[in-house]
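Data block below; observations after.
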Amino acid sequence: CTPRVALEVPKEPITINLNVKIDHEIRLKVEKDVDSLTTDSGLF
Amino acid sequence: LPAWRSQLQLSARRQGSGAAGSLAIDTPLSAAMSRGLDVTLQQGQLASRLQWRWDKQWQLNGNADISGLALDWGGILASGGKGRLSLAASPAGVQLHSDGPLQLALLDVGTPLQDIRLALRSDLHDWQLSDVQARVLGGSVSAGQLQWPSSAFQPVTVHAIDLAAITALQKNEQPATVQLTGRVGGLLPLQLLPRGVAVQNGLLRNEGELTLRVPPGASVRAMAQSNQAVQLALDMLSELDVNDFQATLNMAASGVLDAQVTLKGVNPKQNRQPVVLNYSHSENILELLRSLRISDDISRSVLQRQSGGGTRNPVTESKP
Amino acid sequence: LDLGSAKTQGLVGEQPDGYLGVVKSTPDAVALAADINAKRREAYDAIAKKNGATIDQVAALAGQKAIDKAAPGTYVKANGQWVKK
């Protein structure tokens, strides 16, 4: 058999940048709106 | 004081030009006695044995045993508190120190800290804590010495923290976009301020192999349809076996955490393609814990009425 | 049949999902719940759009608040069961 040399191209790492910003601020605004809804909308 | 159901025995005898005697206090700890405190005592028993002396000035020393302590501190629930304190007091000041470890079974700040143990020494203004240990998020935190209040950054060791427990904290938000499993540990320099805690240059590293998954249903995938590069990135991140994870953490006293994570691994489904993920996460941790406590308050107040009172039993919680 | 008396009579109760649940399904109670829930859905949608949240998030938050503010003796749903607050 003939020796076969397979040249494995070294894989370049793929770089990924991921930025996550969790803003509880939205929740606070929603909470304020929901508070007034549940107290004076007559639906609760 | 009938509402407190406390017993107090005082004895006195002449001694030299003054007087001396003993003081014994046995009392349950209850909400009735917490008026004016910013802590609501729920359960517990206090037994204190003290000697007093008066000769031109007074002096008091002795010890106090606390057991079965449970309290609510502004929505933060503590239970299973016990320990012994030695006390020496005079007009010059108060010296307090623990006699054997003080223990707290549970402190629920939004996520449970369990089996807390520490020794303490204090003059009621400065508090020296030593041999501090607790279990949290599937792992443990410990510190040899902690001084409060202090502006210095004091090292706290973190070990075997379960990343799945951390991602589970986001349960209130949308389903976790990124699922991480495995354990991390490291060092968090903590600044224990009078009214807050800050972290500077905290460093966490993987302890053993980690895995990362971005589940197909995740909301971030919805974003991917629009952008080819994002689609490729998500395919790469769909499944990653991670051998190198480093996170640097900074948190201001306001609670805003900035975490910079560098994560290196290979994707077993893309014939072990090497991937480097630089992930930055910014969030107000105090807000997160507060919102977790609020949703706990809701389920607790309903469950409490169902089971007829008493503190919430952490075992029934589906907490990490 | 108005909402207040329907609650005190134990016909309807608040649920974690933010919508009114029928405890005893009399025709009036069922009609009332359908009417109220339609109006609530509209209100949740408006809040969600205004703040960039999802309607489910707003509804779930409203459910938490409604249960917490529910008057003693009225029904609330906890772990799938109707419970008197």
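Every chain in the structure tokens has a letter given in the order shown (A, B, ...), and although residue numbers restart at 1 in each chain, ligands are simply numbered from 1 in the order shown.
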
List every residue of chain A that has an atom at most 9 Å from any atom of chain C, and for each one report the closest atom pair and its distance in Å to one decimal, counting only C-alpha atoms, with rows sorted by chain and then by increasing residue number, as JSON lines.
{"residue": "A:Ile26", "atom": "CA", "partner": "C:Asn51", "partner_atom": "CA", "distance": 6.4}
{"residue": "A:Arg27", "atom": "CA", "partner": "C:Ala53", "partner_atom": "CA", "distance": 8.1}
{"residue": "A:Lys29", "atom": "CA", "partner": "C:Asn51", "partner_atom": "CA", "distance": 7.1}
{"residue": "A:Val30", "atom": "CA", "partner": "C:Asn51", "partner_atom": "CA", "distance": 6.5}
{"residue": "A:Glu31", "atom": "CA", "partner": "C:Leu61", "partner_atom": "CA", "distance": 7.1}
{"residue": "A:Asp33", "atom": "CA", "partner": "C:Ile47", "partner_atom": "CA", "distance": 6.9}
{"residue": "A:Val34", "atom": "CA", "partner": "C:Ala62", "partner_atom": "CA", "distance": 5.7}
{"residue": "A:Asp35", "atom": "CA", "partner": "C:Lys65", "partner_atom": "CA", "distance": 7.1}
{"residue": "A:Leu37", "atom": "CA", "partner": "C:Ala43", "partner_atom": "CA", "distance": 8.0}
{"residue": "A:Thr38", "atom": "CA", "partner": "C:Ala66", "partner_atom": "CA", "distance": 6.4}
{"residue": "A:Thr39", "atom": "CA", "partner": "C:Lys69", "partner_atom": "CA", "distance": 8.7}
{"residue": "A:Gly42", "atom": "CA", "partner": "C:Leu3", "partner_atom": "CA", "distance": 8.3}
{"residue": "A:Leu43", "atom": "CA", "partner": "C:Ile36", "partner_atom": "CA", "distance": 6.2}
{"residue": "A:Phe44", "atom": "CA", "partner": "C:Ala66", "partner_atom": "CA", "distance": 6.9}

Residues of chain C within 8 Å of chain B, only C-alpha atoms counted, as a PDB file with all heavy atoms, in the first residue's frame:
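Listing of part-v3.pdb after writing:
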ATOM      1  N   GLN C  64     -49.396  38.034  39.131  1.00  0.00           N
ATOM      2  CA  GLN C  64     -48.721  38.045  40.444  1.00  0.00           C
ATOM      3  C   GLN C  64     -49.336  39.150  41.315  1.00  0.00           C
ATOM      4  O   GLN C  64     -49.684  38.932  42.473  1.00  0.00           O
ATOM      5  CB  GLN C  64     -47.232  38.345  40.261  1.00  0.00           C
ATOM      6  CG  GLN C  64     -46.401  37.164  39.832  1.00  0.00           C
ATOM      7  CD  GLN C  64     -44.927  37.552  39.619  1.00  0.00           C
ATOM      8  OE1 GLN C  64     -44.496  38.648  39.952  1.00  0.00           O
ATOM      9  NE2 GLN C  64     -44.176  36.631  39.051  1.00  0.00           N
ATOM     10  N   LYS C  65     -49.496  40.348  40.719  1.00  0.00           N
ATOM     11  CA  LYS C  65     -50.020  41.483  41.495  1.00  0.00           C
ATOM     12  C   LYS C  65     -51.456  41.206  41.927  1.00  0.00           C
ATOM     13  O   LYS C  65     -51.853  41.461  43.061  1.00  0.00           O
ATOM     14  CB  LYS C  65     -49.999  42.766  40.656  1.00  0.00           C
ATOM     15  CG  LYS C  65     -48.626  43.173  40.188  1.00  0.00           C
ATOM     16  CD  LYS C  65     -47.932  44.079  41.167  1.00  0.00           C
ATOM     17  CE  LYS C  65     -46.514  44.386  40.669  1.00  0.00           C
ATOM     18  NZ  LYS C  65     -45.642  44.864  41.751  1.00  0.00           N
ATOM     19  N   ILE C  67     -52.983  38.406  42.440  1.00  0.00           N
ATOM     20  CA  ILE C  67     -53.065  37.402  43.521  1.00  0.00           C
ATOM     21  C   ILE C  67     -52.661  38.050  44.831  1.00  0.00           C
ATOM     22  O   ILE C  67     -53.317  37.905  45.867  1.00  0.00           O
ATOM     23  CB  ILE C  67     -52.164  36.190  43.195  1.00  0.00           C
ATOM     24  CG1 ILE C  67     -52.798  35.358  42.085  1.00  0.00           C
ATOM     25  CG2 ILE C  67     -51.929  35.329  44.440  1.00  0.00           C
ATOM     26  CD1 ILE C  67     -52.001  34.139  41.673  1.00  0.00           C
ATOM     27  N   ASP C  68     -51.599  38.873  44.765  1.00  0.00           N
ATOM     28  CA  ASP C  68     -51.114  39.488  46.007  1.00  0.00           C
ATOM     29  C   ASP C  68     -52.154  40.448  46.570  1.00  0.00           C
ATOM     30  O   ASP C  68     -52.371  40.514  47.772  1.00  0.00           O
ATOM     31  CB  ASP C  68     -49.809  40.248  45.725  1.00  0.00           C
ATOM     32  CG  ASP C  68     -49.149  40.651  47.038  1.00  0.00           C
ATOM     33  OD1 ASP C  68     -49.200  39.829  47.981  1.00  0.00           O
ATOM     34  OD2 ASP C  68     -48.642  41.772  47.138  1.00  0.00           O
ATOM     35  N   ALA C  78     -53.353  28.538  43.081  1.00  0.00           N
ATOM     36  CA  ALA C  78     -51.940  28.290  43.443  1.00  0.00           C
ATOM     37  C   ALA C  78     -51.643  26.842  43.089  1.00  0.00           C
ATOM     38  O   ALA C  78     -52.379  25.941  43.490  1.00  0.00           O
ATOM     39  CB  ALA C  78     -51.723  28.510  44.941  1.00  0.00           C
ATOM     40  N   VAL C  83     -57.560  28.273  45.835  1.00  0.00           N
ATOM     41  CA  VAL C  83     -57.269  28.387  47.273  1.00  0.00           C
ATOM     42  C   VAL C  83     -57.903  29.679  47.759  1.00  0.00           C
ATOM     43  O   VAL C  83     -57.885  30.673  47.040  1.00  0.00           O
ATOM     44  CB  VAL C  83     -55.725  28.468  47.441  1.00  0.00           C
ATOM     45  CG1 VAL C  83     -55.340  29.106  48.749  1.00  0.00           C
ATOM     46  CG2 VAL C  83     -55.105  27.096  47.282  1.00  0.00           C
ATOM     47  N   LYS C  84     -58.471  29.670  48.972  1.00  0.00           N
ATOM     48  CA  LYS C  84     -59.043  30.914  49.522  1.00  0.00           C
ATOM     49  C   LYS C  84     -57.928  31.703  50.177  1.00  0.00           C
ATOM     50  O   LYS C  84     -57.153  31.147  50.984  1.00  0.00           O
ATOM     51  CB  LYS C  84     -60.116  30.576  50.576  1.00  0.00           C
ATOM     52  CG  LYS C  84     -61.529  30.664  50.032  1.00  0.00           C
ATOM     53  CD  LYS C  84     -62.547  30.987  51.133  1.00  0.00           C
ATOM     54  CE  LYS C  84     -63.880  31.335  50.470  1.00  0.00           C
ATOM     55  NZ  LYS C  84     -65.006  30.582  51.080  1.00  0.00           N
ATOM     56  N   LYS C  85     -57.774  32.970  49.810  1.00  0.00           N
ATOM     57  CA  LYS C  85     -56.694  33.772  50.407  1.00  0.00           C
ATOM     58  C   LYS C  85     -56.969  34.091  51.865  1.00  0.00           C
ATOM     59  O   LYS C  85     -58.150  34.235  52.224  1.00  0.00           O
ATOM     60  CB  LYS C  85     -56.557  35.104  49.644  1.00  0.00           C
ATOM     61  CG  LYS C  85     -55.231  35.143  48.867  1.00  0.00           C
ATOM     62  CD  LYS C  85     -54.824  36.526  48.477  1.00  0.00           C
ATOM     63  CE  LYS C  85     -53.667  37.067  49.293  1.00  0.00           C
ATOM     64  NZ  LYS C  85     -53.167  38.318  48.780  1.00  0.00           N
TER      65      LYS C  85
END

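Within 6 Å of chain A, and using only C-alpha atoms, the residues found on chain B are B:Pro274, B:Val275, B:Val276, B:Leu277, B:Asn278, B:Tyr279, B:Ser280, B:His281, B:Ser282, B:Glu283.
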
Where in chain C does DSSP assign alpha helix (DSSP H), given as a ChimeraX atom specification? /C:3-8,27-51,55-69

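The space separating atom CA of Gln273 of chain B from atom CA of Leu210 of chain B comes to 16.2 Å.
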
Residues near Glu207 of chain B, cut-off 10 Å, only C-alpha atoms, skip fewer than 2 positions along chain, as a list in words: His159, Ala160, Ile161, Gly182, Arg183, Val184, Gly185, Gly186, Leu204, Arg205, Glu209, Leu210, Asn243, Asp244 and Phe245 of chain B

Hey, can you spit out that residue selection with N, CA, C and O atoms as an mmCIF file, in the first residue's frame?
data_model
loop_
_atom_site.group_PDB
_atom_site.id
_atom_site.type_symbol
_atom_site.label_atom_id
_atom_site.label_comp_id
_atom_site.auth_asym_id
_atom_site.auth_seq_id
_atom_site.Cartn_x
_atom_site.Cartn_y
_atom_site.Cartn_z
ATOM 1 N N HIS B 159 -16.137 28.142 44.815
ATOM 2 C CA HIS B 159 -15.717 26.814 44.344
ATOM 3 C C HIS B 159 -16.928 26.027 43.828
ATOM 4 O O HIS B 159 -18.009 26.087 44.438
ATOM 5 N N ALA B 160 -16.747 25.364 42.703
ATOM 6 C CA ALA B 160 -17.729 24.387 42.158
ATOM 7 C C ALA B 160 -19.125 24.989 41.997
ATOM 8 O O ALA B 160 -20.129 24.333 42.273
ATOM 9 N N ILE B 161 -19.194 26.245 41.523
ATOM 10 C CA ILE B 161 -20.512 26.862 41.302
ATOM 11 C C ILE B 161 -21.127 26.227 40.049
ATOM 12 O O ILE B 161 -20.443 26.072 39.029
ATOM 13 N N GLY B 182 -21.795 22.713 33.949
ATOM 14 C CA GLY B 182 -20.417 22.509 34.408
ATOM 15 C C GLY B 182 -20.172 23.401 35.616
ATOM 16 O O GLY B 182 -21.053 24.128 36.061
ATOM 17 N N ARG B 183 -18.959 23.340 36.159
ATOM 18 C CA ARG B 183 -18.659 24.025 37.416
ATOM 19 C C ARG B 183 -17.560 25.061 37.205
ATOM 20 O O ARG B 183 -16.626 24.820 36.430
ATOM 21 N N VAL B 184 -17.695 26.175 37.930
ATOM 22 C CA VAL B 184 -16.641 27.203 37.868
ATOM 23 C C VAL B 184 -16.265 27.596 39.291
ATOM 24 O O VAL B 184 -17.047 27.406 40.229
ATOM 25 N N GLY B 185 -15.042 28.132 39.415
ATOM 26 C CA GLY B 185 -14.590 28.591 40.733
ATOM 27 C C GLY B 185 -13.532 29.663 40.559
ATOM 28 O O GLY B 185 -13.073 29.919 39.439
ATOM 29 N N GLY B 186 -13.179 30.314 41.675
ATOM 30 C CA GLY B 186 -12.147 31.346 41.578
ATOM 31 C C GLY B 186 -12.171 32.264 42.780
ATOM 32 O O GLY B 186 -12.535 31.834 43.881
ATOM 33 N N LEU B 204 -13.310 34.048 37.618
ATOM 34 C CA LEU B 204 -13.823 32.678 37.734
ATOM 35 C C LEU B 204 -13.281 31.869 36.569
ATOM 36 O O LEU B 204 -13.190 32.389 35.440
ATOM 37 N N ARG B 205 -12.897 30.609 36.843
ATOM 38 C CA ARG B 205 -12.401 29.722 35.777
ATOM 39 C C ARG B 205 -13.173 28.410 35.820
ATOM 40 O O ARG B 205 -13.765 28.080 36.848
ATOM 41 N N GLU B 209 -14.570 20.169 32.551
ATOM 42 C CA GLU B 209 -15.146 20.452 31.227
ATOM 43 C C GLU B 209 -16.537 21.074 31.392
ATOM 44 O O GLU B 209 -17.305 20.700 32.263
ATOM 45 N N LEU B 210 -16.830 22.062 30.505
ATOM 46 C CA LEU B 210 -18.163 22.672 30.512
ATOM 47 C C LEU B 210 -18.835 22.355 29.186
ATOM 48 O O LEU B 210 -18.166 22.010 28.207
ATOM 49 N N ASN B 243 -13.284 23.741 27.058
ATOM 50 C CA ASN B 243 -12.202 23.326 27.955
ATOM 51 C C ASN B 243 -11.544 24.529 28.631
ATOM 52 O O ASN B 243 -10.760 24.372 29.545
ATOM 53 N N ASP B 244 -11.877 25.761 28.177
ATOM 54 C CA ASP B 244 -11.243 26.940 28.783
ATOM 55 C C ASP B 244 -12.286 28.041 28.939
ATOM 56 O O ASP B 244 -12.786 28.572 27.950
ATOM 57 N N PHE B 245 -12.624 28.360 30.177
ATOM 58 C CA PHE B 245 -13.651 29.386 30.461
ATOM 59 C C PHE B 245 -13.052 30.355 31.462
ATOM 60 O O PHE B 245 -12.515 29.933 32.492
#

Within 7 Å of Asn250 of chain B using only C-alpha atoms, minus same-chain residues under 4 positions, as a PyMOL selection string: chain B and resi 199-202+257-259
